[in-house]
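Chemist: For reference, the file target_5.txt (compact mmCIF, C-alpha atoms and all ligand atoms) is included below:
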# COMPACT_ATOMS: atom_id res chain seq x y z
CA MET A 1 158.51 5.69 -13.79
CA LYS A 2 159.53 5.72 -17.45
CA ALA A 3 160.95 8.88 -19.00
CA GLN A 4 162.78 9.94 -22.13
CA VAL A 5 165.98 11.50 -20.86
CA PHE A 6 168.01 13.79 -23.12
CA ARG A 7 171.56 12.46 -22.66
CA GLY A 8 173.27 14.52 -25.37
CA VAL A 9 172.64 15.74 -28.92
CA ASN A 10 170.27 13.28 -30.63
CA GLN A 11 170.54 10.93 -27.68
CA LEU A 12 167.22 10.15 -26.08
CA SER A 13 167.33 7.40 -23.53
CA TYR A 14 164.18 5.61 -22.33
CA GLU A 15 164.89 5.11 -18.65
CA ASP A 16 163.44 4.20 -15.31
CA ILE A 17 163.77 7.18 -12.99
CA PRO A 18 162.17 8.06 -9.64
CA VAL A 19 158.77 9.77 -9.62
CA PRO A 20 159.46 13.37 -8.51
CA ALA A 21 158.91 13.96 -4.78
CA LEU A 22 156.51 16.79 -3.91
CA GLU A 23 157.08 19.87 -1.75
CA PRO A 24 153.97 20.93 0.24
CA ASN A 25 152.78 23.40 -2.42
CA GLU A 26 153.43 21.22 -5.47
CA VAL A 27 151.22 19.02 -7.67
CA LEU A 28 152.08 15.81 -9.53
CA VAL A 29 150.39 15.21 -12.87
CA GLN A 30 150.23 11.86 -14.64
CA VAL A 31 150.84 12.76 -18.26
CA GLY A 32 148.03 11.64 -20.59
CA VAL A 33 149.21 13.28 -23.78
CA VAL A 34 152.12 15.58 -24.58
CA GLY A 35 152.49 17.35 -27.92
CA LEU A 36 155.80 17.21 -29.75
CA CYS A 37 156.82 20.82 -30.42
CA GLN A 38 159.40 22.16 -32.90
CA SER A 39 161.20 23.65 -29.90
CA ASP A 40 161.55 20.18 -28.31
CA ILE A 41 163.02 18.91 -31.55
CA LYS A 42 165.58 21.72 -31.60
CA LYS A 43 166.54 21.07 -27.99
CA ILE A 44 167.05 17.37 -28.81
CA ARG A 45 168.94 17.86 -32.08
CA TYR A 46 171.20 20.80 -31.21
CA SER A 47 173.57 21.55 -28.41
CA LEU A 48 171.43 24.20 -26.70
CA TYR A 49 171.13 22.72 -23.20
CA GLU A 50 173.41 20.70 -20.94
CA PRO A 51 172.17 17.10 -20.51
CA PRO A 52 170.61 15.33 -18.69
CA ARG A 53 167.12 16.83 -19.06
CA ILE A 54 163.54 15.81 -19.76
CA PHE A 55 161.79 18.01 -22.31
CA GLY A 56 158.12 18.14 -23.36
CA HIS A 57 155.83 21.02 -22.40
CA GLU A 58 152.48 20.67 -24.21
CA THR A 59 151.11 18.55 -21.43
CA ALA A 60 147.64 17.35 -20.48
CA GLY A 61 146.95 14.75 -17.82
CA THR A 62 145.42 13.81 -14.49
CA ILE A 63 146.42 15.03 -11.05
CA ALA A 64 148.05 12.03 -9.34
CA ALA A 65 149.12 13.61 -6.04
CA VAL A 66 149.00 16.98 -4.29
CA GLY A 67 151.35 18.45 -1.67
CA SER A 68 150.11 18.82 1.92
CA ASN A 69 149.43 22.57 1.51
CA VAL A 70 147.57 22.38 -1.79
CA GLU A 71 143.90 23.12 -1.20
CA ASN A 72 142.29 23.89 -4.53
CA TRP A 73 143.25 20.80 -6.49
CA GLN A 74 142.31 17.16 -6.03
CA VAL A 75 143.70 13.85 -7.19
CA GLY A 76 141.82 12.71 -10.29
CA GLN A 77 141.18 16.17 -11.80
CA ARG A 78 142.09 16.44 -15.47
CA VAL A 79 144.30 19.43 -16.29
CA ALA A 80 146.23 21.15 -19.04
CA VAL A 81 149.57 22.25 -17.63
CA MET A 82 151.26 25.56 -18.41
CA HIS A 83 154.98 24.95 -18.07
CA HIS A 84 155.83 28.55 -17.11
CA ILE A 85 154.02 31.37 -15.32
CA PRO A 86 155.44 34.92 -15.09
CA CYS A 87 155.94 36.82 -11.81
CA MET A 88 153.49 39.63 -12.74
CA ARG A 89 155.68 42.14 -10.87
CA CYS A 90 158.87 42.76 -12.83
CA ALA A 91 159.38 45.47 -15.46
CA TYR A 92 158.79 42.94 -18.26
CA CYS A 93 155.53 41.73 -16.73
CA MET A 94 154.37 45.33 -16.21
CA ASN A 95 154.81 45.80 -19.96
CA GLU A 96 153.08 42.49 -20.73
CA ASN A 97 156.33 40.99 -22.06
CA TYR A 98 155.61 37.97 -19.87
CA SER A 99 157.86 35.60 -21.79
CA MET A 100 160.89 37.80 -20.99
CA CYS A 101 160.27 37.56 -17.23
CA GLU A 102 163.10 35.81 -15.33
CA THR A 103 160.62 33.89 -13.17
CA TYR A 104 158.83 32.75 -16.31
CA LYS A 105 162.08 31.50 -17.79
CA ASN A 106 163.51 29.91 -14.66
CA ILE A 107 160.62 28.17 -12.94
CA THR A 108 159.21 25.32 -14.98
CA THR A 109 157.55 21.96 -14.64
CA THR A 110 159.93 19.02 -14.25
CA ALA A 111 160.12 15.25 -14.24
CA GLY A 112 163.64 15.26 -12.81
CA PHE A 113 167.13 16.67 -13.58
CA ALA A 114 167.39 20.37 -14.55
CA PRO A 115 163.75 21.55 -14.89
CA SER A 116 162.95 21.60 -18.64
CA GLY A 117 159.24 20.93 -19.07
CA GLY A 118 159.27 17.26 -18.12
CA GLY A 119 156.31 16.18 -20.25
CA PHE A 120 158.22 13.29 -21.82
CA ALA A 121 157.72 11.20 -18.69
CA GLU A 122 154.92 9.31 -16.97
CA PHE A 123 154.65 11.96 -14.25
CA VAL A 124 155.53 15.64 -14.17
CA LYS A 125 155.84 17.86 -11.12
CA VAL A 126 154.24 21.30 -11.17
CA PRO A 127 156.04 23.83 -8.91
CA GLY A 128 154.06 25.84 -6.34
CA HIS A 129 154.48 29.10 -8.24
CA ILE A 130 152.76 27.57 -11.27
CA VAL A 131 150.07 25.79 -9.21
CA GLU A 132 149.22 28.99 -7.30
CA ASN A 133 149.16 31.35 -10.24
CA GLY A 134 146.84 29.75 -12.74
CA GLY A 135 149.18 27.29 -14.43
CA LEU A 136 146.78 24.35 -14.07
CA ILE A 137 143.73 24.60 -16.30
CA PRO A 138 140.82 22.21 -15.64
CA ILE A 139 139.82 20.24 -18.75
CA PRO A 140 136.05 20.01 -19.38
CA ASP A 141 134.65 16.46 -19.35
CA ASP A 142 133.89 16.38 -23.07
CA ILE A 143 137.43 17.44 -24.07
CA SER A 144 140.09 14.80 -24.68
CA PHE A 145 143.70 15.02 -23.48
CA GLU A 146 144.66 15.22 -27.15
CA GLU A 147 142.64 18.41 -27.55
CA ALA A 148 143.75 19.83 -24.20
CA SER A 149 147.42 19.41 -25.12
CA PHE A 150 146.81 22.19 -27.67
CA VAL A 151 146.07 24.90 -25.10
CA GLU A 152 149.79 25.81 -24.87
CA PRO A 153 150.62 25.87 -28.61
CA THR A 154 147.35 27.70 -29.30
CA ASN A 155 148.41 30.35 -26.81
CA CYS A 156 151.77 30.78 -28.60
CA CYS A 157 150.06 31.23 -31.98
CA LEU A 158 147.38 33.45 -30.49
CA LYS A 159 150.02 35.70 -28.97
CA ALA A 160 151.53 36.23 -32.43
CA VAL A 161 148.12 36.95 -33.97
CA LYS A 162 147.38 39.51 -31.22
CA LYS A 163 150.83 41.06 -31.40
CA ALA A 164 150.44 41.62 -35.14
CA GLN A 165 147.00 43.13 -34.38
CA ILE A 166 145.29 41.04 -37.02
CA ALA A 167 141.84 42.57 -37.48
CA PRO A 168 138.66 41.45 -39.28
CA GLY A 169 138.96 41.82 -43.03
CA GLN A 170 142.76 41.86 -43.06
CA THR A 171 144.77 39.54 -45.27
CA VAL A 172 147.57 37.53 -43.74
CA LEU A 173 150.34 35.63 -45.48
CA VAL A 174 151.23 32.45 -43.56
CA THR A 175 154.54 31.01 -44.78
CA GLY A 176 154.64 27.28 -44.04
CA ALA A 177 151.57 25.09 -43.62
CA GLY A 178 152.87 22.63 -41.04
CA PRO A 179 151.09 22.28 -37.67
CA ILE A 180 151.88 25.87 -36.67
CA GLY A 181 151.02 27.39 -40.05
CA LEU A 182 147.70 25.52 -40.07
CA MET A 183 146.90 26.80 -36.59
CA PHE A 184 147.65 30.32 -37.79
CA ILE A 185 145.28 29.85 -40.72
CA MET A 186 142.52 28.69 -38.35
CA LEU A 187 143.11 31.55 -35.91
CA VAL A 188 143.28 34.21 -38.64
CA LYS A 189 139.95 32.93 -39.91
CA TYR A 190 138.48 32.81 -36.41
CA PHE A 191 139.37 36.48 -35.91
CA GLY A 192 137.80 37.47 -39.22
CA GLY A 193 140.93 37.72 -41.35
CA LYS A 194 141.80 35.99 -44.60
CA ALA A 195 144.82 33.72 -44.70
CA ILE A 196 146.96 33.08 -47.77
CA ALA A 197 149.37 30.20 -47.20
CA THR A 198 152.55 28.96 -48.84
CA ASP A 199 154.39 25.68 -48.52
CA LEU A 200 156.64 23.40 -50.56
CA LEU A 201 154.58 20.21 -50.13
CA PRO A 202 151.51 19.89 -52.39
CA SER A 203 149.67 18.00 -49.62
CA ARG A 204 150.19 20.89 -47.21
CA ILE A 205 149.01 23.41 -49.79
CA GLU A 206 145.81 21.41 -50.10
CA LYS A 207 145.53 20.99 -46.34
CA ALA A 208 145.86 24.78 -45.90
CA LEU A 209 142.84 25.27 -48.15
CA SER A 210 140.89 22.56 -46.34
CA VAL A 211 141.36 24.26 -42.94
CA GLY A 212 140.24 27.65 -44.19
CA ALA A 213 142.93 29.46 -46.17
CA GLU A 214 141.49 31.74 -48.89
CA ALA A 215 144.33 30.74 -51.17
CA ALA A 216 147.47 28.64 -50.95
CA PHE A 217 150.48 28.51 -53.23
CA ASP A 218 153.72 26.67 -53.78
CA ALA A 219 156.38 28.84 -52.14
CA ARG A 220 158.54 28.38 -55.27
CA ASP A 221 155.87 29.87 -57.55
CA PRO A 222 157.69 32.64 -59.47
CA ASP A 223 154.44 34.62 -59.75
CA LEU A 224 153.66 34.43 -56.04
CA SER A 225 153.99 38.15 -55.44
CA SER A 226 151.75 39.13 -58.37
CA LYS A 227 149.17 36.50 -57.38
CA ILE A 228 149.07 37.92 -53.89
CA GLN A 229 148.82 41.49 -55.22
CA LYS A 230 145.84 40.35 -57.25
CA LEU A 231 144.15 38.92 -54.15
CA THR A 232 144.73 42.12 -52.15
CA ASP A 233 143.61 44.89 -54.55
CA GLY A 234 147.20 45.48 -55.57
CA LEU A 235 148.27 46.39 -52.02
CA GLY A 236 149.87 43.27 -50.57
CA VAL A 237 148.97 41.52 -47.32
CA ASP A 238 148.48 43.44 -44.08
CA VAL A 239 150.53 40.96 -42.09
CA ALA A 240 152.97 38.13 -42.85
CA LEU A 241 153.49 35.40 -40.24
CA LEU A 242 156.73 33.49 -40.75
CA ALA A 243 156.12 29.92 -39.65
CA VAL A 244 159.26 28.60 -41.36
CA PRO A 245 162.84 29.59 -40.51
CA SER A 246 163.81 30.54 -44.04
CA ASP A 247 165.44 33.73 -45.34
CA LYS A 248 163.74 33.07 -48.69
CA ALA A 249 160.38 33.08 -46.93
CA PHE A 250 161.29 36.38 -45.28
CA PHE A 251 162.17 38.08 -48.58
CA GLN A 252 159.00 36.69 -50.12
CA ALA A 253 157.02 38.07 -47.22
CA LEU A 254 158.73 41.45 -47.71
CA ASP A 255 157.69 41.40 -51.38
CA CYS A 256 154.12 40.49 -50.54
CA THR A 257 153.47 42.81 -47.57
CA ARG A 258 151.71 46.12 -48.10
CA LYS A 259 153.17 49.51 -47.20
CA GLY A 260 152.63 50.00 -43.49
CA GLY A 261 152.25 46.24 -42.98
CA LYS A 262 153.85 43.92 -40.47
CA ILE A 263 156.12 40.90 -40.70
CA LEU A 264 156.27 38.67 -37.65
CA PHE A 265 159.01 36.11 -36.99
CA PHE A 266 157.45 33.10 -35.29
CA ALA A 267 159.71 30.22 -36.32
CA GLU A 268 163.11 30.25 -34.63
CA PHE A 269 165.90 30.63 -37.20
CA PRO A 270 169.25 28.83 -37.06
CA ASP A 271 171.66 31.00 -35.03
CA GLU A 272 174.20 31.15 -37.84
CA LEU A 273 171.74 32.56 -40.37
CA GLU A 274 171.80 36.32 -40.96
CA ILE A 275 169.43 38.23 -43.17
CA PRO A 276 170.97 41.24 -44.93
CA ILE A 277 168.47 44.03 -45.45
CA ASN A 278 168.70 47.66 -46.45
CA PRO A 279 166.87 49.57 -43.68
CA ASN A 280 165.38 51.95 -46.24
CA ILE A 281 163.13 49.13 -47.39
CA LEU A 282 161.55 49.22 -43.94
CA TYR A 283 161.78 53.01 -43.64
CA ARG A 284 160.26 53.97 -46.97
CA ARG A 285 157.54 51.35 -46.87
CA GLU A 286 157.00 51.65 -43.12
CA ILE A 287 157.17 47.91 -42.63
CA ASP A 288 157.22 46.76 -39.00
CA LEU A 289 159.33 43.71 -38.17
CA MET A 290 158.42 41.90 -34.97
CA GLY A 291 159.07 38.65 -33.15
CA SER A 292 156.84 36.53 -30.95
CA TYR A 293 158.25 33.86 -28.67
CA SER A 294 156.31 31.49 -26.41
CA SER A 295 152.94 32.20 -24.86
CA SER A 296 151.19 35.05 -23.05
CA TYR A 297 149.81 34.72 -19.54
CA LYS A 298 147.11 37.22 -20.49
CA LEU A 299 145.85 35.00 -23.33
CA GLN A 300 145.56 31.83 -21.30
CA ASN A 301 141.79 32.02 -20.81
CA LEU A 302 141.17 32.87 -24.43
CA SER A 303 143.41 29.98 -25.56
CA ALA A 304 141.50 27.58 -23.31
CA ASP A 305 138.21 28.97 -24.65
CA ILE A 306 139.33 28.47 -28.24
CA VAL A 307 140.40 24.87 -27.63
CA PHE A 308 137.67 23.79 -25.22
CA ASN A 309 134.87 25.28 -27.31
CA ARG A 310 136.37 23.80 -30.47
CA ARG A 311 136.65 27.17 -32.18
CA ILE A 312 139.53 25.75 -34.21
CA ASP A 313 139.61 22.22 -35.61
CA ILE A 314 142.28 20.51 -33.51
CA LYS A 315 141.44 17.07 -34.91
CA ALA A 316 142.46 18.25 -38.37
CA LEU A 317 145.93 19.04 -37.03
CA VAL A 318 146.86 15.70 -35.44
CA SER A 319 148.48 13.26 -37.85
CA HIS A 320 150.59 10.85 -35.78
CA GLN A 321 150.54 9.33 -32.33
CA TYR A 322 153.49 7.56 -30.70
CA SER A 323 154.14 5.91 -27.38
CA LEU A 324 156.73 7.62 -25.17
CA GLN A 325 159.07 4.72 -25.87
CA ASP A 326 159.07 5.69 -29.56
CA LEU A 327 159.87 9.38 -29.04
CA SER A 328 163.02 9.14 -31.21
CA VAL A 329 160.95 7.73 -34.06
CA ALA A 330 158.48 10.60 -33.61
CA VAL A 331 161.31 13.15 -33.75
CA GLU A 332 162.67 11.57 -36.95
CA LYS A 333 159.19 11.74 -38.43
CA ALA A 334 158.84 15.44 -37.56
CA VAL A 335 162.29 16.26 -38.95
CA ALA A 336 161.57 14.58 -42.28
CA PRO A 337 157.82 15.09 -42.69
CA THR A 338 156.05 13.03 -45.30
CA ALA A 339 153.00 14.30 -47.17
CA ASP A 340 150.66 13.63 -44.28
CA THR A 341 152.80 14.70 -41.29
CA TYR A 342 151.32 17.42 -39.10
CA LYS A 343 151.09 17.51 -35.32
CA ILE A 344 152.60 14.54 -33.52
CA LEU A 345 151.31 13.53 -30.08
CA ILE A 346 153.17 11.39 -27.54
CA TYR A 347 151.57 9.00 -25.04
CA PRO A 348 153.61 8.26 -21.88
ZN ZN A 401 155.51 24.16 -27.80
ZN ZN A 402 157.97 39.07 -14.34
Would you mind writing the file out in structure tokens?
Ligand SMILES: [Zn+2]
Ligand SMILES: [Zn+2]

Modeler:
Amino acid sequence: MKAQVFRGVNQLSYEDIPVPALEPNEVLVQVGVVGLCQSDIKKIRYSLYEPPRIFGHETAGTIAAVGSNVENWQVGQRVAVMHHIPCMRCAYCMNENYSMCETYKNITTTAGFAPSGGGFAEFVKVPGHIVENGGLIPIPDDISFEEASFVEPTNCCLKAVKKAQIAPGQTVLVTGAGPIGLMFIMLVKYFGGKAIATDLLPSRIEKALSVGAEAAFDARDPDLSSKIQKLTDGLGVDVALLAVPSDKAFFQALDCTRKGGKILFFAEFPDELEIPINPNILYRREIDLMGSYSSSYKLQNLSADIVFNRRIDIKALVSHQYSLQDLSVAVEKAVAPTADTYKILIYP
């Protein structure tokens, strides 16, 4: 089968490799669509993981083979694939910190080499632990693979929205109106909140408004803070969601968040970047800082419900589609987005 193998920093190699062989409790999925995620791009462009590997984890496809002990799944079923599933037994799982679970981190879908998602291949193997614990989600007949590939990223965004306890009537600053920021805007609206977005690209500012933001501004606007005060009865936003890895965006969020509000780090920052802050700013204004990484097992059904019942407008998020062969071109596109670049989907 064809696969895009990570052979070193910025080195993707389109290769013929063997289709993964199945153990009795495993399932093989023929990848229909796989979303290109910011985290894939980081893994390709920086020296974070030893090569060779096959990345890609926002996978939707068709079951192509099942192991001899698999009873509940049949060849031909269409599924969205969760690339990790927690153990549900460890101290992290007991506290619902599923993404910190060692099992969650260590057992993942694979197309070969060190397991790393494996969606950037024609076929991906789903380990027994994931098959047996709810990691395959049947796709309804009227839902496309394109839409189904959003179950995983929707879960990640939903987890952040839930963690920040965004409630009806609250105002939420979303910094960055790329694919993730736009999903945040849609989810905030779905849960009854009001999103205010910022971005540097005029097209994204407009797009933010078109998908439901109450207001959207250029992040360089010197009056941003006063404009946001005006929109929030002089208080500031209840929550800020950082969808860009920028210290400037953080300080802006700090300026624009109300006393007792929350700031959530969603985008992963460069490791070398440090943000100096006087703790009294947090103490006196009782600002909570929080982080949200990856998805939540507990939100899987709700994520599937949101996508499969079209409670957010997935079609508005997809801007580019590339064949698997052109993955490097897709990565370049995502790294240097033009006015109309949002979510990029890959077709093995
Ligand atoms: Zn992702
Ligand atoms: Zn666990």

Chemist: Sorted by chain and rising residue number, list the residues of chain A at most 7 Å from ligand ZN 401 (chain A) (counting only C-alpha atoms and all ligand atoms), each with its closest atom pair and distance in Å to one decimal, as CSV.

Modeler:
residue,atom,partner,partner_atom,distance
A:Cys37,CA,A:ZN401,ZN,4.4
A:Gln38,CA,A:ZN401,ZN,6.7
A:Ser39,CA,A:ZN401,ZN,6.1
A:His57,CA,A:ZN401,ZN,6.3
A:Glu58,CA,A:ZN401,ZN,5.9
A:Glu152,CA,A:ZN401,ZN,6.6
A:Pro153,CA,A:ZN401,ZN,5.2

Chemist: In the coordinate frame of the file, compute which residues have an atom within 12 Å of (176.5, 23.4, -30.9) when using all atoms listed in the file, and state them as a list in words.

Modeler: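 Protein, DNA and RNA residues close to (176.5, 23.4, -30.9): Gly8, Val9, Asn10, Lys42, Lys43, Ile44, Arg45, Tyr46, Ser47, Leu48, Tyr49, Glu50, Pro270, Asp271 and Glu272 of chain A.
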
Chemist: Excluding Leu327 in chain A and residues on its chain fewer than 3 positions from it, collect all residues at most 8 Å away from it, counting only C-alpha atoms, and give them as an NGL selection string.

Modeler: :A and (4 or 12 or 322-324 or 330-331 or 346)

Chemist: As JSON, please report the centre and edge lengths, rounded to one decimal in Å, of the axis-aligned box that holds all listed atoms of range 296-311 of chain A with 4 Å of padding on each of the six sides.

Modeler:
{"center_x": 143.0, "center_y": 30.5, "center_z": -25.9, "size_x": 24.3, "size_y": 21.4, "size_z": 20.6}

Chemist: Restricting the calculation to all atoms listed in the file: of A:Val5, A:Leu28, A:Ala65, A:Met94, which residue gets closest to ligand ZN 402 (chain A)?

Modeler: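 Of all the options, A:Met94 lies closest to ligand ZN 402 (chain A).
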
Chemist: Report as JSON lines: every residue of chain A with an atom at most 9 Å from ligand ZN 402 (chain A), its closest pair of atoms, and their distance in Å to one decimal, counting all atoms listed in the file, with rows sorted by chain and ascending residue number.

Modeler:
{"residue": "A:Ile85", "atom": "CA", "partner": "A:ZN402", "partner_atom": "ZN", "distance": 8.7}
{"residue": "A:Pro86", "atom": "CA", "partner": "A:ZN402", "partner_atom": "ZN", "distance": 4.9}
{"residue": "A:Cys87", "atom": "CA", "partner": "A:ZN402", "partner_atom": "ZN", "distance": 3.9}
{"residue": "A:Met88", "atom": "CA", "partner": "A:ZN402", "partner_atom": "ZN", "distance": 4.8}
{"residue": "A:Arg89", "atom": "CA", "partner": "A:ZN402", "partner_atom": "ZN", "distance": 5.2}
{"residue": "A:Cys90", "atom": "CA", "partner": "A:ZN402", "partner_atom": "ZN", "distance": 4.1}
{"residue": "A:Ala91", "atom": "CA", "partner": "A:ZN402", "partner_atom": "ZN", "distance": 6.6}
{"residue": "A:Tyr92", "atom": "CA", "partner": "A:ZN402", "partner_atom": "ZN", "distance": 5.6}
{"residue": "A:Cys93", "atom": "CA", "partner": "A:ZN402", "partner_atom": "ZN", "distance": 4.3}
{"residue": "A:Met94", "atom": "CA", "partner": "A:ZN402", "partner_atom": "ZN", "distance": 7.5}
{"residue": "A:Glu96", "atom": "CA", "partner": "A:ZN402", "partner_atom": "ZN", "distance": 8.7}
{"residue": "A:Asn97", "atom": "CA", "partner": "A:ZN402", "partner_atom": "ZN", "distance": 8.1}
{"residue": "A:Tyr98", "atom": "CA", "partner": "A:ZN402", "partner_atom": "ZN", "distance": 6.1}
{"residue": "A:Ser99", "atom": "CA", "partner": "A:ZN402", "partner_atom": "ZN", "distance": 8.2}
{"residue": "A:Met100", "atom": "CA", "partner": "A:ZN402", "partner_atom": "ZN", "distance": 7.4}
{"residue": "A:Cys101", "atom": "CA", "partner": "A:ZN402", "partner_atom": "ZN", "distance": 4.0}
{"residue": "A:Glu102", "atom": "CA", "partner": "A:ZN402", "partner_atom": "ZN", "distance": 6.2}
{"residue": "A:Thr103", "atom": "CA", "partner": "A:ZN402", "partner_atom": "ZN", "distance": 5.9}
{"residue": "A:Tyr104", "atom": "CA", "partner": "A:ZN402", "partner_atom": "ZN", "distance": 6.7}

Chemist: In Å to one decimal, how far is CA of Thr198 in chain A from CA of Val244 in chain A?

Modeler: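 These atoms are spaced 10.1 Å apart.
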
Chemist: Show me a table, sorted first by chain and then by increasing residue number, of the residues of range 202-225 of chain A having an atom at most 12 Å from range 247-251 of chain A, each with its shortest atom pair and the distance in Å to one decimal, counting all atoms listed in the file and written as a Markdown table.

Modeler:
| residue | atom | partner | partner_atom | distance |
| --- | --- | --- | --- | --- |
| A:Asp218 | CA | A:Ala249 | CA | 11.5 |
| A:Ala219 | CA | A:Ala249 | CA | 7.8 |
| A:Arg220 | CA | A:Lys248 | CA | 9.6 |
| A:Asp221 | CA | A:Ala249 | CA | 12.0 |
| A:Leu224 | CA | A:Ala249 | CA | 11.4 |
| A:Ser225 | CA | A:Phe251 | CA | 10.7 |

Chemist: So that I can see what lies close to Glu286 in chain A, please list as a PDB file with C-alpha atoms, in the frame of the given file the residues with an atom at most 9 Å from it, counting all atoms listed in the file and leaving out residues fewer than 4 positions away in the same chain.

Modeler:
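Listed below is the output, part.pdb:
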ATOM      1  CA  LYS A 259     153.170  49.510 -47.200  1.00  0.00           C
ATOM      2  CA  GLY A 260     152.630  50.000 -43.490  1.00  0.00           C
ATOM      3  CA  GLY A 261     152.250  46.240 -42.980  1.00  0.00           C
ATOM      4  CA  LYS A 262     153.850  43.920 -40.470  1.00  0.00           C
ATOM      5  CA  ASN A 280     165.380  51.950 -46.240  1.00  0.00           C
ATOM      6  CA  ILE A 281     163.130  49.130 -47.390  1.00  0.00           C
ATOM      7  CA  LEU A 282     161.550  49.220 -43.940  1.00  0.00           C
TER       8      LEU A 282
END

Chemist: Take CA of Thr59 in chain A and CA of Phe265 in chain A and report the distance between them in Å, one decimal.

Modeler: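 Pair CA of Thr59 in chain A / CA of Phe265 in chain A returns 24.8 Å.
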
Chemist: Quick one: distance from CA of Gln30 in chain A to CA of Ser296 in chain A in Å, one decimal?

Modeler: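 Calculated distance between CA of Gln30 in chain A and CA of Ser296 in chain A is 24.7 Å.
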
Chemist: Ranking A:Leu289, A:Leu317, A:Ile143, A:Ile275 by minimum distance to Ile180 in chain A and counting only C-alpha atoms, which one comes first?

Modeler: A:Leu317

Chemist: Applying 8 Å and only C-alpha atoms, which residues near range 70-74 of chain A remain after dropping the ones on its own chain fewer than 5 positions away? List them as a PyMOL selection string.

Modeler: chain A and resi 24-27+63+65

Chemist: Restricting the calculation to all atoms listed in the file: of A:Glu214, A:Asp141, A:Asp238, A:Asp233, which residue gets closest to Ala167 in chain A?

Modeler: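 Nearest to Ala167 in chain A: A:Asp238.
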
Chemist: Pick out the closest residue to Phe120 in chain A from this set: A:Ala80, A:Ile277, A:Val31, A:Ala197. Count all atoms listed in the file.

Modeler: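 Under the stated criterion, the closest residue is A:Val31.
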
Chemist: In the coordinates of the file, take the point (147.9, 14.7, -27.8) and a cut-off of 8 Å; then, counting only C-alpha atoms, name each qualifying protein, DNA or RNA residue as a ChimeraX atom specification.

Modeler: /A:32-35,60,145-150,318,321,344-347

Chemist: Measuring between all atoms listed in the file, which one of A:Ile312, A:Lys343, A:Ser203, A:Gly119 shows the shortest distance to Phe191 in chain A?

Modeler: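 With all atoms listed in the file as the atom set, the closest residue is A:Ile312.
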
Chemist: I want to know what sits within 12 Å of Pro18 in chain A, based on only C-alpha atoms, with residues of the same chain fewer than 3 positions away left out; could you give that as a list in words?

Modeler: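 Everything that qualifies: Met1, Lys2, Ala3, Glu15, Ala21, Leu22, Ala111, Gly112, Phe113, Ala121, Glu122, Phe123, Val124 and Lys125 of chain A.
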
Chemist: What's around Ile228 in chain A at 9 Å? Count all atoms listed in the file, leave out sequence neighbours fewer than 6 positions away in its own chain, and write the answer as a PyMOL selection string.

Modeler: chain A and resi 173+196+234-237+256
